[in-house]
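Trainee: Below you will find the structure I want to go over with you.
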Amino acid sequence: MFSFFKKQTTTVLDCSTFATDMHAHWLPGIDDGAKDLAHSIELIKALKAAGYQKLIATPHIYWDLYQNTPTIIQQALASVKEAVLREGIDIGLHAAAEYMLDEHFTTLLASDEPLLCIHKNWVLVECSYVSAPLDFKEKLFQLQMKGYQPVLAHPERYPFWYHRLDFFQELSDQGILLQMNLLSILGYYGKEVQQVAEKLLGMKIINLVGTDMHHERHAQALQQMGISANIQQLLDQNQLLNSTL
């Protein structure tokens, strides 16, 4: 059993080993992430300083709150790319989405409208933190049947599954990729989330890590926190796919 709560030697977290941040909210003014273009640039600078070479924005598509479309997202990305060019920041920028598994998502699947992918056919999805959809696995299966590779965002943050982590082994066995938030590993969301993150890493079923960066507090946490040597080992053992994106 690996534990964050023993006194350990820590090293600075160098995100260059991950190469690509595939989950973040730095597009301006379209969800609960960056408020405006200046805010976007500050978050991007922080991610570059952390060592990332490529960034994939994943704004929420959650129809009750954020009615984003591919057009809205691509327009926001274009404005950020222009600003980054003016600033002389050398970093790759792309955009996809983080889809809430709600009724609108079901409608999108039924309409055959192309979904925004973080890589090839990989689609990042999430569900409510309060309760999972009753048809959670069915939605993931439908996504697979449409030819997409589901990527479940931050499994360590869904408390209703804390007492049955074998559920995530089942998802992994069914071909679902699992993405963990780096800040979960570093304790930002609290000890319970941190412990669950550690257990999932120990199960060797985590495929991707992302910052899920929304604001400067996330940026500061990423910059200020170190990482324990045994957790670095666990990250290595999970054979993360970030550098392939």
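Naming scheme: A, B, ... for chains in displayed order of the structure tokens; residues 1 onward per chain; ligands 1 onward as shown.
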Would you tabulate, counting only C-alpha atoms, all residues of segment 71-143 of chain A that have an atom at most 10 Å from an atom of segment 33-46 of chain A, showing the closest pair of atoms and their distance in Å to one decimal, sorted by chain then ascending number, as a Markdown table?

Mentor:
```
| residue | atom | partner | partner_atom | distance |
| --- | --- | --- | --- | --- |
| A:Ala76 | CA | A:Leu37 | CA | 9.0 |
| A:Ser79 | CA | A:Leu37 | CA | 7.8 |
| A:Val80 | CA | A:Leu37 | CA | 6.7 |
| A:Lys81 | CA | A:Ile41 | CA | 9.7 |
| A:Ala83 | CA | A:Ile41 | CA | 7.5 |
| A:Val84 | CA | A:Ile41 | CA | 6.9 |
| A:Glu87 | CA | A:Ile41 | CA | 8.6 |
| A:Ile89 | CA | A:Lys45 | CA | 7.8 |
| A:Asp90 | CA | A:Lys45 | CA | 9.9 |
| A:Ile91 | CA | A:Ile44 | CA | 8.7 |
| A:Leu93 | CA | A:Ile44 | CA | 9.3 |
```

Trainee: Kindly assemble as CSV a list of the segment 52-97 of chain A residues that lie within 12 Å of segment 142-155 of chain A, each paired with its nearest atom pair and their distance in Å to one decimal, using only C-alpha atoms, sorted first by chain and then by ascending residue number.

Mentor:
```
residue,atom,partner,partner_atom,distance
A:Thr58,CA,A:Ala153,CA,10.6
A:His60,CA,A:Ala153,CA,11.6
A:Ala97,CA,A:Ala153,CA,11.2
```

Trainee: Write the residues of the preceding selection, restricted to N, CA and C atoms, as a PDB file, in the first residue's frame.

Mentor:
```pdb
ATOM      1  N   THR A  58     -10.443  21.309 -23.327  1.00  0.00           N
ATOM      2  CA  THR A  58     -11.621  20.438 -23.282  1.00  0.00           C
ATOM      3  C   THR A  58     -12.772  21.160 -22.581  1.00  0.00           C
ATOM      4  N   HIS A  60     -16.400  22.320 -21.340  1.00  0.00           N
ATOM      5  CA  HIS A  60     -17.587  21.523 -21.050  1.00  0.00           C
ATOM      6  C   HIS A  60     -18.630  21.656 -22.154  1.00  0.00           C
ATOM      7  N   ALA A  97     -13.450  18.576 -26.378  1.00  0.00           N
ATOM      8  CA  ALA A  97     -14.521  18.908 -25.434  1.00  0.00           C
ATOM      9  C   ALA A  97     -14.554  17.863 -24.339  1.00  0.00           C
TER      10      ALA A  97
END
```

Trainee: I need the residue nearest Lys139 of chain A from this list: A:His214, A:Tyr162, A:Ile185, A:Leu109. Use only C-alpha atoms for the distance.

Mentor: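 Answer, going by the shortest atom-to-atom distance: A:Leu109.
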
Trainee: DSSP on the backbone: what in segment 35-182 of chain A comes out helix (DSSP H, G or I), as a ChimeraX atom specification?

Mentor: /A:37-49,70-87,103-111,136-145,155-157,159-161,166-173,182

Trainee: Name all residues at most 6 Å from segment 230-245 of chain A (count only C-alpha atoms; drop same-chain ones fewer than 3 positions away) and give them as a ChimeraX atom specification.

Mentor: /A:18-20,204,206-208

Trainee: Would you write out those residues with N, CA, C and O atoms, as a CSV table (one decimal), in the first residue's frame?

Mentor:
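Generated file (again04.csv):
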```csv
chain,number,residue,atom,x,y,z
A,18,PHE,N,5.1,14.2,-19.4
A,18,PHE,CA,3.8,13.9,-19.9
A,18,PHE,C,3.6,14.4,-21.3
A,18,PHE,O,2.8,13.9,-22.1
A,19,ALA,N,4.3,15.5,-21.6
A,19,ALA,CA,4.3,16.1,-23.0
A,19,ALA,C,3.0,16.9,-23.3
A,19,ALA,O,3.1,18.0,-23.6
A,20,THR,N,1.9,16.2,-23.2
A,20,THR,CA,0.6,16.8,-23.6
A,20,THR,C,-0.3,16.8,-22.4
A,20,THR,O,-0.6,15.8,-21.7
A,204,LYS,N,-3.1,0.0,-11.7
A,204,LYS,CA,-2.5,0.1,-13.0
A,204,LYS,C,-3.5,0.1,-14.1
A,204,LYS,O,-3.4,-0.5,-15.1
A,206,ILE,N,-4.9,3.4,-15.0
A,206,ILE,CA,-5.0,4.8,-15.4
A,206,ILE,C,-4.1,4.9,-16.7
A,206,ILE,O,-3.0,4.6,-16.8
A,207,ASN,N,-4.8,5.5,-17.7
A,207,ASN,CA,-4.2,5.6,-19.0
A,207,ASN,C,-3.6,7.0,-19.4
A,207,ASN,O,-2.7,7.2,-20.2
A,208,LEU,N,-4.2,8.0,-18.8
A,208,LEU,CA,-3.9,9.4,-19.1
A,208,LEU,C,-4.0,10.3,-17.8
A,208,LEU,O,-4.8,10.0,-16.9
```

Trainee: Using DSSP secondary structure from the backbone, list all strand (DSSP E or B) positions within segment 167-207 of chain A, as number ranges by chain.

Mentor: A: 177-181

Trainee: Applying 9 Å and only C-alpha atoms, which residues near Ile118 of chain A remain after dropping the ones on its own chain fewer than 5 positions away? List them as a list in words.

Mentor: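 So, after excluding close chain neighbours, the residues are Met22, His23, Ile56, Ala57, Thr58, His94, Ala95, Ala96, Ala97, Val123, Leu124 and Leu245 of chain A.
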
Trainee: Grab the atom CA of Phe160 of chain A to atom CA of Ala221 of chain A distance for me, in Å with one decimal place.

Mentor: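 These atoms are spaced 26.0 Å apart.
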
Trainee: Find, counting only C-alpha atoms, the residue in A:Cys117, A:Ala132, A:Leu182, A:Val209 that gets nearest to Leu222 of chain A.

Mentor: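 Among the listed residues, A:Leu182 lies closest to Leu222 of chain A.
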
Trainee: Which of these, A:Pro159, A:Glu216, A:Ile205, A:Ser111, has the shortest distance to Asp173 of chain A once you count only C-alpha atoms?

Mentor: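 Distance minimum relative to Asp173 of chain A lands on A:Ile205.
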
Trainee: So what do you get for atom CA of His218 of chain A versus atom CA of Ile72 of chain A, distance-wise?

Mentor: 24.5 Å

Trainee: Mind giving me the straight-line distance from atom CA of Leu178 of chain A to atom CA of Gln75 of chain A in Å, one decimal?

Mentor: 28.6 Å
